[in-house]
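Pasted below: protein_30.cif, mmCIF, C-alpha atoms and all ligand atoms.
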data_model
loop_
_atom_site.label_atom_id
_atom_site.label_comp_id
_atom_site.auth_asym_id
_atom_site.auth_seq_id
_atom_site.Cartn_x
_atom_site.Cartn_y
_atom_site.Cartn_z
CA MET A 1235 0.00 0.00 0.00
CA ASN A 1236 1.06 3.60 -0.67
CA LEU A 1237 0.37 6.52 1.63
CA LEU A 1238 0.54 10.26 0.96
CA LEU A 1239 0.71 12.82 3.79
CA ILE A 1240 -0.13 16.44 2.97
CA HIS A 1241 0.05 19.56 5.08
CA ALA A 1242 -2.12 21.94 3.06
CA TRP A 1243 -1.50 25.68 2.89
CA ASN A 1244 -3.54 28.62 1.75
CA GLU A 1245 -2.51 29.10 -1.87
CA LYS A 1246 -2.85 32.88 -1.73
CA GLU A 1247 -0.69 33.19 1.37
CA VAL A 1248 2.09 31.12 -0.17
CA ALA A 1249 1.80 33.09 -3.41
CA TYR A 1250 2.06 36.52 -1.87
CA ARG A 1251 5.08 35.68 0.18
CA GLY A 1252 6.61 34.11 -2.92
CA LYS A 1253 9.93 32.36 -2.71
CA PHE A 1254 10.61 33.75 0.76
CA SER A 1255 7.60 31.96 2.17
CA ALA A 1256 9.38 28.73 2.96
CA LEU A 1257 12.50 30.49 4.15
CA LEU A 1258 10.57 32.54 6.66
CA SER A 1259 8.36 29.80 7.98
CA TYR A 1260 9.23 27.56 10.86
CA PRO A 1261 9.54 23.89 10.02
CA SER A 1262 6.15 22.34 10.71
CA LEU A 1263 6.12 19.34 13.02
CA THR A 1264 2.68 18.19 11.88
CA LEU A 1265 3.74 15.76 9.18
CA ALA A 1266 6.74 14.51 11.15
CA VAL A 1267 4.46 13.68 14.09
CA ILE A 1268 1.92 11.91 11.85
CA TYR A 1269 4.71 9.94 10.15
CA SER A 1270 6.08 8.80 13.52
CA LEU A 1271 2.68 7.30 14.42
CA ILE A 1272 2.54 4.97 11.43
CA PRO A 1273 3.58 1.39 12.21
CA GLU A 1274 6.76 0.43 10.43
CA GLY A 1275 6.24 -1.82 7.42
CA MET A 1276 2.52 -1.06 7.06
CA PHE A 1277 3.08 0.87 3.79
CA GLU A 1278 5.43 0.08 0.95
CA LYS A 1279 5.83 3.77 0.28
CA ILE A 1280 5.07 6.95 2.19
CA ASP A 1281 5.31 10.31 0.41
CA VAL A 1282 5.17 13.62 2.21
CA VAL A 1283 4.16 17.03 0.81
CA ASP A 1284 4.36 20.23 2.83
CA GLU A 1285 2.50 22.60 0.53
CA ASN A 1286 4.31 25.56 2.00
CA SER A 1287 7.28 24.63 -0.13
CA GLN A 1288 6.11 21.79 -2.41
CA LYS A 1289 3.38 21.21 -4.96
CA VAL A 1290 0.71 18.53 -4.59
CA LYS A 1291 0.71 16.32 -7.71
CA TYR A 1292 -2.46 14.33 -8.29
CA ASP A 1293 -1.30 11.98 -11.00
CA LYS A 1294 2.23 11.14 -9.93
CA GLU A 1295 1.11 7.77 -8.68
CA HIS A 1296 -1.76 6.00 -7.01
CA TYR A 1297 -2.08 6.30 -3.24
CA ASP A 1298 -4.30 3.93 -1.28
CA ILE A 1299 -4.64 6.43 1.55
CA VAL A 1300 -4.17 10.21 1.46
CA MET A 1301 -4.09 12.07 4.79
CA VAL A 1302 -4.52 15.84 4.71
CA SER A 1303 -3.90 18.10 7.70
CA PHE A 1304 -4.95 21.76 7.55
CA GLU A 1305 -5.89 24.90 9.39
CA THR A 1306 -8.95 27.05 8.65
CA SER A 1307 -7.30 29.39 6.14
CA SER A 1308 -5.95 26.46 4.13
CA SER A 1309 -9.17 24.41 4.16
CA LEU A 1310 -10.13 25.37 0.59
CA SER A 1311 -6.79 24.11 -0.78
CA ALA A 1312 -7.13 21.03 1.41
CA TYR A 1313 -10.64 20.22 0.15
CA LYS A 1314 -9.48 20.64 -3.44
CA HIS A 1315 -6.79 18.00 -2.81
CA CYS A 1316 -9.24 15.72 -1.00
CA ASP A 1317 -11.75 15.84 -3.87
CA ALA A 1318 -9.04 15.24 -6.48
CA PHE A 1319 -7.61 12.20 -4.70
CA ARG A 1320 -11.04 10.74 -3.94
CA LYS A 1321 -11.88 10.99 -7.64
CA ARG A 1322 -8.73 8.95 -8.27
CA GLY A 1323 -9.85 6.23 -5.89
CA SER A 1324 -7.82 7.05 -2.78
CA TYR A 1325 -9.25 6.71 0.75
CA VAL A 1326 -9.00 10.26 2.14
CA VAL A 1327 -8.51 11.19 5.80
CA CYS A 1328 -8.69 14.76 7.15
CA GLY A 1329 -7.17 16.04 10.37
CA GLY A 1330 -5.83 19.19 11.96
CA TYR A 1331 -7.49 22.25 13.45
CA HIS A 1332 -10.23 23.00 10.92
CA ALA A 1333 -11.39 19.39 10.56
CA THR A 1334 -11.53 19.20 14.36
CA ALA A 1335 -13.68 22.33 14.56
CA LEU A 1336 -15.98 21.38 11.66
CA PRO A 1337 -15.88 17.59 11.15
CA ASP A 1338 -19.21 17.48 9.28
CA GLU A 1339 -17.94 19.96 6.72
CA ALA A 1340 -14.69 18.00 6.27
CA LEU A 1341 -16.66 14.77 5.83
CA GLN A 1342 -18.16 16.20 2.64
CA HIS A 1343 -14.67 15.90 1.14
CA CYS A 1344 -13.17 12.85 2.82
CA ASP A 1345 -13.94 9.38 4.17
CA THR A 1346 -12.66 9.76 7.72
CA VAL A 1347 -12.01 12.71 10.02
CA ILE A 1348 -9.55 12.57 12.90
CA CYS A 1349 -10.51 15.23 15.45
CA GLY A 1350 -7.95 16.55 17.92
CA PRO A 1351 -4.56 15.02 18.57
CA ALA A 1352 -3.50 12.16 16.31
CA GLU A 1353 -1.48 10.21 18.88
CA ARG A 1354 -4.20 7.71 19.75
CA SER A 1355 -6.72 8.21 16.96
CA LEU A 1356 -4.41 7.67 14.01
CA PRO A 1357 -3.11 4.23 15.11
CA ALA A 1358 -6.73 3.26 15.90
CA PHE A 1359 -7.83 4.31 12.39
CA LEU A 1360 -4.97 2.40 10.73
CA THR A 1361 -5.87 -0.78 12.63
CA ASP A 1362 -9.55 -0.42 11.66
CA TYR A 1363 -8.60 0.28 8.05
CA GLN A 1364 -6.46 -2.85 7.91
CA ASN A 1365 -9.38 -4.82 9.33
CA GLY A 1366 -11.67 -3.33 6.69
CA ARG A 1367 -13.78 -1.36 9.19
CA PRO A 1368 -12.58 2.26 9.27
CA LYS A 1369 -14.93 4.64 11.08
CA THR A 1370 -15.89 8.03 9.76
CA LEU A 1371 -14.90 9.86 12.92
CA TYR A 1372 -12.14 9.43 15.49
CA ARG A 1373 -12.00 11.74 18.48
CA ASP A 1374 -9.69 11.04 21.41
CA PHE A 1375 -8.35 13.98 23.34
CA ASN A 1376 -7.11 11.86 26.26
CA VAL A 1377 -3.54 11.76 25.08
CA CYS A 1378 -1.09 11.11 27.90
CA PRO A 1379 2.66 11.75 28.01
CA THR A 1380 3.48 8.14 27.12
CA ASP A 1381 1.56 8.45 23.82
CA PHE A 1382 4.02 10.99 22.42
CA THR A 1383 6.46 9.83 19.79
CA VAL A 1384 9.63 11.47 18.51
CA PRO A 1385 8.67 13.30 15.29
CA ALA A 1386 10.14 11.62 12.21
CA ARG A 1387 12.00 14.74 11.07
CA ASP A 1388 14.43 12.64 9.00
CA LYS A 1389 11.54 11.53 6.74
CA MET A 1390 10.60 15.06 5.80
CA THR A 1391 11.67 16.43 2.44
CA LYS A 1392 14.59 18.76 2.82
CA HIS A 1393 13.33 22.04 1.48
CA LYS A 1394 14.62 25.50 2.20
CA LYS A 1395 13.29 26.54 5.57
CA LEU A 1396 14.40 28.39 8.61
CA ASN A 1397 17.16 26.01 9.60
CA ILE A 1398 16.30 25.89 13.29
CA PRO A 1399 14.45 22.82 14.54
CA GLY A 1400 11.23 23.07 16.50
CA ILE A 1401 10.11 20.94 19.41
CA THR A 1402 7.16 20.81 21.79
CA ALA A 1403 7.22 20.07 25.51
CA ASP A 1404 3.55 20.91 26.21
CA ARG A 1405 1.05 21.74 23.46
CA GLY A 1406 -1.63 23.00 25.84
CA CYS A 1407 -2.43 26.23 27.65
CA PHE A 1408 -4.63 26.65 30.70
CA ASN A 1409 -5.77 30.17 29.80
CA ALA A 1410 -9.11 30.70 28.13
CA CYS A 1411 -8.83 33.51 25.60
CA LYS A 1412 -12.06 33.56 23.62
CA TYR A 1413 -10.41 33.86 20.21
CA CYS A 1414 -7.78 31.16 20.77
CA SER A 1415 -7.93 28.15 18.46
CA MET A 1416 -5.27 26.16 20.35
CA ARG A 1417 -7.76 25.15 22.99
CA THR A 1418 -10.00 23.44 20.45
CA MET A 1419 -7.14 21.16 19.52
CA TRP A 1420 -4.92 20.46 22.53
CA LYS A 1421 -5.10 19.87 26.23
CA SER A 1422 -2.14 20.62 28.48
CA CYS A 1423 -0.14 17.44 28.90
CA PRO A 1424 3.57 18.10 29.53
CA ARG A 1425 5.99 15.48 28.25
CA PRO A 1426 8.46 13.93 30.68
CA VAL A 1427 11.47 16.25 30.89
CA ALA A 1428 13.85 13.35 30.18
CA ASP A 1429 12.06 12.64 26.87
CA VAL A 1430 12.28 16.28 25.79
CA VAL A 1431 15.99 16.41 26.64
CA ALA A 1432 16.68 13.14 24.81
CA GLU A 1433 14.92 14.49 21.72
CA ILE A 1434 16.94 17.72 21.84
CA ARG A 1435 20.20 15.77 22.16
CA SER A 1436 19.26 13.73 19.11
CA LEU A 1437 18.77 16.92 17.09
CA LYS A 1438 22.43 17.89 17.56
CA THR A 1439 21.52 21.55 17.35
CA LYS A 1440 22.67 24.67 19.12
CA MET A 1441 19.43 26.58 18.48
CA LEU A 1442 15.87 25.54 19.05
CA ILE A 1443 12.32 26.86 18.88
CA PHE A 1444 9.86 25.56 21.49
CA TYR A 1445 6.42 25.61 19.87
CA ASP A 1446 4.66 25.43 23.25
CA PRO A 1447 1.88 28.05 23.21
CA ASN A 1448 2.66 29.01 26.80
CA PHE A 1449 6.10 27.69 27.74
CA PHE A 1450 6.11 29.08 31.29
CA GLY A 1451 2.44 28.35 31.99
CA LYS A 1452 3.16 25.42 34.29
CA ARG A 1453 5.80 27.13 36.37
CA GLU A 1454 7.26 24.15 38.24
CA TYR A 1455 7.43 22.08 35.07
CA ALA A 1456 9.12 24.98 33.22
CA LEU A 1457 11.71 25.33 35.99
CA GLU A 1458 12.43 21.59 35.93
CA LEU A 1459 12.74 21.59 32.15
CA MET A 1460 14.99 24.65 32.12
CA ALA A 1461 17.28 23.12 34.75
CA ALA A 1462 17.67 20.13 32.45
CA LEU A 1463 18.29 22.36 29.41
CA LYS A 1464 21.14 24.26 31.05
CA PRO A 1465 23.87 21.63 30.52
CA LEU A 1466 22.90 21.30 26.84
CA LYS A 1467 24.17 24.82 26.13
CA ILE A 1468 21.59 25.56 23.45
CA LEU A 1469 19.91 28.85 22.64
CA TRP A 1470 16.15 28.79 22.39
CA VAL A 1471 13.03 30.91 21.99
CA SER A 1472 9.39 30.26 22.83
CA ASN A 1473 6.00 31.78 23.61
CA ALA A 1474 5.15 33.36 26.94
CA THR A 1475 2.39 35.38 28.55
CA ALA A 1476 2.97 38.90 29.87
CA ASP A 1477 3.12 37.84 33.53
CA PHE A 1478 6.43 36.12 32.76
CA GLY A 1479 7.87 39.64 32.97
CA TYR A 1480 7.21 39.82 36.72
CA ASP A 1481 8.76 36.52 37.70
CA HIS A 1482 12.46 37.22 38.12
CA GLU A 1483 13.35 33.69 39.17
CA LEU A 1484 11.69 32.31 36.04
CA MET A 1485 13.31 34.90 33.77
CA GLN A 1486 16.77 34.24 35.21
CA ALA A 1487 16.29 30.48 34.90
CA ALA A 1488 15.16 31.03 31.31
CA TYR A 1489 18.25 33.07 30.45
CA ASP A 1490 20.59 30.63 32.20
CA SER A 1491 19.11 27.74 30.24
CA GLY A 1492 19.65 29.55 26.92
CA CYS A 1493 16.40 31.45 26.36
CA ARG A 1494 17.12 34.54 24.28
CA GLY A 1495 13.68 35.52 23.04
CA VAL A 1496 9.99 35.22 23.85
CA LEU A 1497 6.92 35.92 21.75
CA ILE A 1498 4.12 37.44 23.81
CA GLY A 1499 0.56 37.96 22.66
CA LEU A 1500 0.13 41.43 24.20
CA GLU A 1501 -2.87 41.74 21.85
CA SER A 1502 -4.06 45.22 22.80
CA LEU A 1503 -3.14 48.38 24.67
CA SER A 1504 -6.69 48.59 25.98
CA ALA A 1505 -7.47 46.72 29.22
CA GLN A 1506 -11.14 46.84 28.26
CA SER A 1507 -10.45 44.95 25.03
CA LEU A 1508 -8.49 42.29 26.88
CA THR A 1509 -11.25 41.89 29.46
CA GLY A 1510 -13.77 41.45 26.66
CA VAL A 1511 -11.91 38.45 25.24
CA GLY A 1512 -11.04 36.81 28.55
CA LYS A 1513 -7.32 37.59 28.59
CA ARG A 1514 -5.86 36.82 32.02
CA PHE A 1515 -3.16 39.54 32.11
CA ARG A 1516 -4.94 42.82 31.42
CA GLU A 1517 -2.64 45.40 32.95
CA THR A 1518 -1.68 47.11 29.74
CA ASP A 1519 -0.19 50.06 31.64
CA LYS A 1520 2.44 47.62 32.93
CA TYR A 1521 3.56 46.44 29.47
CA LYS A 1522 6.53 48.79 29.34
CA GLU A 1523 7.73 47.58 32.73
CA VAL A 1524 7.18 43.93 31.71
CA ILE A 1525 9.33 44.40 28.60
CA ARG A 1526 12.01 46.29 30.53
CA ASN A 1527 12.14 43.48 33.11
CA ILE A 1528 12.48 40.78 30.47
CA HIS A 1529 15.19 42.80 28.71
CA SER A 1530 17.08 43.19 31.97
CA HIS A 1531 17.49 39.40 31.90
CA GLY A 1532 18.96 39.50 28.38
CA ILE A 1533 15.82 38.18 26.67
CA ALA A 1534 14.30 39.88 23.61
CA VAL A 1535 10.53 40.31 23.18
CA ASN A 1536 8.40 39.94 20.06
CA GLY A 1537 5.03 41.51 20.90
CA CYS A 1538 1.90 40.57 18.94
CA PHE A 1539 -1.15 42.81 18.64
CA VAL A 1540 -4.67 42.19 17.38
CA LEU A 1541 -6.85 44.86 15.75
CA GLY A 1542 -10.62 44.80 15.83
CA PHE A 1543 -11.68 44.16 19.43
CA ASP A 1544 -15.09 45.57 20.34
CA SER A 1545 -13.74 48.48 22.34
CA ASP A 1546 -11.12 49.42 19.71
CA THR A 1547 -11.73 52.84 18.24
CA GLU A 1548 -10.25 54.27 15.07
CA GLU A 1549 -8.19 56.80 17.03
CA GLU A 1550 -6.71 54.14 19.31
CA LEU A 1551 -5.81 51.86 16.44
CA LEU A 1552 -4.22 54.66 14.44
CA ALA A 1553 -2.06 55.53 17.45
CA LEU A 1554 -0.71 51.96 17.68
CA PRO A 1555 2.59 52.36 15.80
CA GLU A 1556 3.84 55.14 18.06
CA ARG A 1557 2.48 53.56 21.23
CA VAL A 1558 4.00 50.19 20.37
CA ALA A 1559 7.32 51.88 19.59
CA ASP A 1560 7.26 53.43 23.03
CA LEU A 1561 7.07 49.98 24.66
CA GLY A 1562 10.62 49.15 23.55
CA LEU A 1563 9.85 45.82 21.85
CA ASP A 1564 12.46 44.10 19.70
CA LEU A 1565 9.96 42.96 17.10
CA CYS A 1566 6.21 43.43 16.71
CA ARG A 1567 3.46 41.81 14.71
CA PHE A 1568 -0.10 42.77 13.94
CA ALA A 1569 -3.14 40.74 12.97
CA VAL A 1570 -6.80 41.42 12.35
CA LEU A 1571 -9.00 39.72 14.95
CA THR A 1572 -10.24 36.49 13.36
CA PRO A 1573 -13.09 34.46 14.85
CA TYR A 1574 -12.05 30.94 13.92
CA PRO A 1575 -14.78 28.31 13.88
CA GLY A 1576 -14.56 26.22 17.02
CA THR A 1577 -13.76 29.21 19.25
CA LYS A 1578 -16.04 30.99 21.70
CA LEU A 1579 -15.57 34.17 19.71
CA PHE A 1580 -16.97 32.56 16.57
CA GLU A 1581 -19.97 31.22 18.49
CA GLU A 1582 -20.65 34.67 19.90
CA TYR A 1583 -20.28 36.55 16.60
CA ASP A 1584 -22.29 33.94 14.74
CA ARG A 1585 -25.10 34.21 17.28
CA ASP A 1586 -25.07 38.01 16.86
CA ASN A 1587 -24.98 37.78 13.03
CA ARG A 1588 -21.59 39.43 12.89
CA ILE A 1589 -19.83 36.83 10.74
CA LEU A 1590 -19.48 38.34 7.26
CA THR A 1591 -18.24 35.34 5.33
CA ARG A 1592 -17.71 31.62 5.62
CA ASN A 1593 -15.13 31.70 2.88
CA TRP A 1594 -12.44 30.16 5.10
CA GLY A 1595 -9.72 31.09 2.64
CA ARG A 1596 -10.17 34.66 3.89
CA TYR A 1597 -9.54 33.69 7.53
CA THR A 1598 -5.90 34.69 7.24
CA GLN A 1599 -5.79 37.36 9.97
CA HIS A 1600 -5.10 39.94 7.24
CA GLU A 1601 -8.69 41.15 6.79
CA ALA A 1602 -11.91 41.53 8.74
CA VAL A 1603 -14.27 38.60 8.26
CA PHE A 1604 -16.69 39.91 10.90
CA ARG A 1605 -18.51 43.16 11.60
CA PRO A 1606 -16.37 45.23 14.03
CA ALA A 1607 -18.18 47.22 16.71
CA ASN A 1608 -16.85 50.73 16.13
CA LEU A 1609 -15.77 50.87 12.51
CA THR A 1610 -16.53 49.29 9.18
CA PRO A 1611 -14.67 46.13 8.10
CA GLU A 1612 -13.17 48.10 5.18
CA ARG A 1613 -11.85 50.79 7.51
CA LEU A 1614 -10.39 48.17 9.84
CA ASN A 1615 -8.57 46.62 6.88
CA GLU A 1616 -7.18 50.01 5.85
CA ILE A 1617 -6.00 50.78 9.36
CA TYR A 1618 -4.41 47.34 9.69
CA ARG A 1619 -2.31 47.93 6.57
CA ASP A 1620 -1.44 51.45 7.68
CA VAL A 1621 -0.34 50.21 11.12
CA TRP A 1622 2.04 47.63 9.62
CA LYS A 1623 3.45 50.22 7.27
CA ARG A 1624 4.09 52.85 9.92
CA ALA A 1625 5.31 50.42 12.58
CA TYR A 1626 7.87 49.21 10.04
CA SER A 1627 9.15 52.59 8.88
CA TRP A 1628 12.96 52.53 8.73
CA LYS A 1629 13.03 54.77 11.81
CA HIS A 1630 11.21 52.13 13.86
CA VAL A 1631 13.13 49.21 12.33
CA PHE A 1632 16.47 50.73 13.39
CA ARG A 1633 15.19 51.98 16.72
CA ARG A 1634 13.94 48.50 17.67
CA THR A 1635 17.10 46.79 16.48
CA PHE A 1636 19.63 49.08 18.14
CA SER A 1637 17.87 49.33 21.50
CA SER A 1638 17.47 45.56 21.83
CA PRO A 1639 19.33 43.50 24.44
CA TRP A 1640 20.69 41.66 21.40
CA ARG A 1641 22.50 44.78 20.14
CA LYS A 1642 25.71 43.87 21.97
CA ASN A 1643 26.29 40.61 20.13
CA ALA A 1644 25.96 38.94 16.76
CA TYR A 1645 22.22 38.26 17.24
CA ILE A 1646 21.70 41.85 16.23
CA PHE A 1647 21.96 40.72 12.60
CA ILE A 1648 19.20 38.15 13.17
CA LEU A 1649 17.02 40.83 14.71
CA LEU A 1650 17.74 43.33 11.95
CA GLY A 1651 16.97 40.61 9.38
CA ALA A 1652 13.69 39.77 11.14
CA ASN A 1653 12.67 43.44 11.31
CA ILE A 1654 13.47 43.96 7.64
CA GLY A 1655 11.70 40.69 6.77
CA PHE A 1656 8.56 41.88 8.53
CA LYS A 1657 8.84 45.27 6.85
CA PHE A 1658 8.59 43.66 3.44
CA LEU A 1659 6.64 40.51 4.15
CA GLY A 1660 4.50 41.25 7.17
CA ILE A 1661 1.78 42.52 4.92
CA ASP A 1662 0.40 41.35 1.62
CA LYS A 1663 2.45 43.02 -1.13
CA ARG A 1664 -0.75 44.00 -2.93
CA TYR A 1665 -1.17 46.55 -0.19
CA ARG A 1666 2.45 47.66 0.11
CA LYS A 1667 2.81 50.95 -1.69
S1 LIG B 1701 -2.60 32.59 26.39
FE1 LIG B 1701 -2.22 32.25 24.20
S2 LIG B 1701 -2.29 30.01 23.93
FE2 LIG B 1701 -3.19 30.45 25.92
S3 LIG B 1701 -5.41 30.56 25.57
FE3 LIG B 1701 -4.61 32.66 25.39
S4 LIG B 1701 -4.11 32.96 23.20
FE4 LIG B 1701 -4.36 30.74 23.57
#
Now that the file is in, can you turn its structure into structure tokens?
Ligand code: SF4
Amino acid sequence: MNLLLIHAWNEKEVAYRGKFSALLSYPSLTLAVIYSLIPEGMFEKIDVVDENSQKVKYDKEHYDIVMVSFETSSSLSAYKHCDAFRKRGSYVVCGGYHATALPDEALQHCDTVICGPAERSLPAFLTDYQNGRPKTLYRDFNVCPTDFTVPARDKMTKHKKLNIPGITADRGCFNACKYCSMRTMWKSCPRPVADVVAEIRSLKTKMLIFYDPNFFGKREYALELMAALKPLKILWVSNATADFGYDHELMQAAYDSGCRGVLIGLESLSAQSLTGVGKRFRETDKYKEVIRNIHSHGIAVNGCFVLGFDSDTEEELLALPERVADLGLDLCRFAVLTPYPGTKLFEEYDRDNRILTRNWGRYTQHEAVFRPANLTPERLNEIYRDVWKRAYSWKHVFRRTFSSPWRKNAYIFILLGANIGFKFLGIDKRYRK
């Protein structure tokens, strides 16, 4: 039997970023994890296509099973692949975030949907398939640390990508932000520290990205993990929440273990907006202090902001570039609020008839797909593009780079490169004038 694994991407997103798309994207672990769950010897051949850097070819050969993983914005590409392979006689399986949120929709394009984590469901499906009795739906969120496998990174096609491996220690987060799609997919379930360390050793790398959505969320676990990372002498980055910036013991342990950067979803400079979406840390007046504290431990901060919350006004949004610059971040990103199906926010907006389109290909975080409270969707889109443009003026690019804690060493070139990359690629080039 032959098997094809596809990680689908939104065609438009890949197209607008052009050849830099793959270079700028982190290596996805999705396919490597799925591959590692397949019993050895079950298939004569397994092909892998990450659409971010490869093309899906329908007629290259016949595949008995095609598995497609995708997020909401890439669901249209994914369904196109599913339909094409079904027409050619393949058994098609869908998984990933969007299929988990809307399994009935996915089932219109495939034979089986795997909802949630694949660790237990995928082996169960493969056994049923071999026995000639595959079910249409598998849903098992009760994954425990012993279910985790080491991702089969060596089986992935070597395409140009950011050459820093990614790893996950805990895919979950205990916070409950209304717009967050992570919670639909994963529960917190930290891997044994020894397993994480063994996997890092096997990577033989000096730099690493932890994909954990909230690395420091389970404080004691984070401290234990960081103590074990220290002897490895690697440099790493991950995601954090703003309260990390008040915990000096945690910040020092992070630096000592090699942490040099954190990405924080600051989301808004309005406490009211954060309250409205259930964000736990809402003290926006403390952001500057939080960033200064993290910097004082030698760690850089990439701050992410969302435009379009209900209490956002045009004036506040237009003031963002200067206000964000004043925070002293090393890098910043902006996104339009996007109510993904499966989230509380989607439920709420759908109930209030505020969802403007169910064309999932537009759920890219680059445009309003809902009716904002205080401005039109068109105006929100204009302001979003204007904010990116002004936040990435050369003045701000250089100011961020040369005031960073990284300015005293060679990382400054990485930071400058990232700032310039965002200047040119942070926003769809159709809108860059
Ligand atoms: S803190 Fe981040 S990962 Fe956790 S629920 Fe909120 S948005 Fe999601």
### Query
Near region 1413-1423 of chain A, within 6 Å and counting all atoms listed in the file, which residues show up once chain neighbours fewer than 3 positions away are dropped, as a PyMOL selection string?
chain A and resi 1350+1404+1406-1407+1577+1579
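A straight line drawn from CA of Phe1656 (chain A) to CA of Asp1560 (chain A) is 18.6 Å long.
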### Query
If you count all atoms listed in the file, which residues fall within 12 Å of Arg1633 (chain A), apart from same-chain ones fewer than 2 positions away, as a PyMOL selection string?
chain A and resi 1556+1558-1565+1625-1631+1635-1638+1641+1649-1650+1653
### Query
When the cut-off is 12 Å and you count only C-alpha atoms and all ligand atoms, which residues lie near ligand LIG 1701 (chain B), shown as JSON, numbers by chain?
{"A": [1404, 1405, 1406, 1407, 1408, 1409, 1410, 1411, 1412, 1413, 1414, 1415, 1416, 1417, 1418, 1419, 1420, 1421, 1422, 1445, 1446, 1447, 1448, 1449, 1450, 1451, 1452, 1472, 1473, 1474, 1475, 1476, 1477, 1478, 1497, 1498, 1499, 1500, 1501, 1508, 1511, 1512, 1513, 1514, 1515, 1516, 1538, 1539, 1540, 1571, 1577, 1578]}
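Counting from CA of Gln1506 (chain A), the distance to CA of Ser1545 (chain A) is 6.7 Å.
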### Task
Excluding region 1527-1533 of chain A and any residue of its chain fewer than 3 positions from it, enumerate the residues within 6 Å of it, using only C-alpha atoms, and give them as a VMD selection string.
chain A and resid 1479 1494 to 1495 1524 1639
### Which residue of A:Val1430, A:Ala1266, A:Lys1289, A:Met1390 approaches Ala1352 (chain A) most closely, using all atoms listed in the file
A:Ala1266
### Query
Which residue, A:Leu1551, A:Phe1647, A:Tyr1583, A:Lys1389, has the smallest gap to Glu1616 (chain A) when you use only C-alpha atoms?
A:Leu1551
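The residue that comes closest to Val1290 (chain A), out of A:Ser1311, A:Asn1236, A:Ser1324, A:Gln1486 and on the basis of all atoms listed in the file, is A:Ser1311.
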### Task
Using CA of Lys1246 (chain A) and CA of Asn1593 (chain A) as the two end points, give the distance in Å to one decimal.
13.2 Å
### Task
Mind checking which residues fall within 8 Å of Phe1304 (chain A), counting only C-alpha atoms, ignoring those fewer than 4 positions away in the same chain, and posting them as a list in words?
His1241, Ala1242, Trp1243, Ser1308, Ser1309, Ala1312, Cys1328, Gly1329, Gly1330, Tyr1331, His1332 and Ala1333 of chain A
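Remark: residues at most 8 Å from position (-4.5, 7.5, -3.5) in file coordinates are Asn1236, Leu1237, Leu1238, Glu1295, His1296, Tyr1297, Asp1298, Ile1299, Val1300, Phe1319, Arg1320, Arg1322, Gly1323, Ser1324, Tyr1325 and Val1326 of chain A, using all atoms listed in the file.
If you count all atoms listed in the file and draw a sphere of 12 Å around (21.3, 21.9, 33.7), the protein and nucleic acid residues inside it come out as Val1427, Ala1428, Val1431, Leu1457, Glu1458, Leu1459, Met1460, Ala1461, Ala1462, Leu1463, Lys1464, Pro1465, Leu1466, Lys1467, Ile1468, Ala1487, Ala1488, Asp1490, Ser1491 and Gly1492 of chain A.
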### Query
Using all atoms listed in the file, which of the listed residues (A:Thr1591, A:Thr1370, A:Gln1364, A:Ser1355) sits closest to Ala1340 (chain A)?
A:Thr1370
Residue neighbourhood Ile1401 (chain A), 8 Å, only C-alpha atoms, exclusion window fewer than 5 positions, as a CSV table (one decimal) with C-alpha atoms, in the coordinates of the input:
chain,number,residue,atom,x,y,z
A,1263,LEU,CA,6.1,19.3,13.0
A,1434,ILE,CA,16.9,17.7,21.8
A,1442,LEU,CA,15.9,25.5,19.0
A,1443,ILE,CA,12.3,26.9,18.9
A,1444,PHE,CA,9.9,25.6,21.5
A,1445,TYR,CA,6.4,25.6,19.9
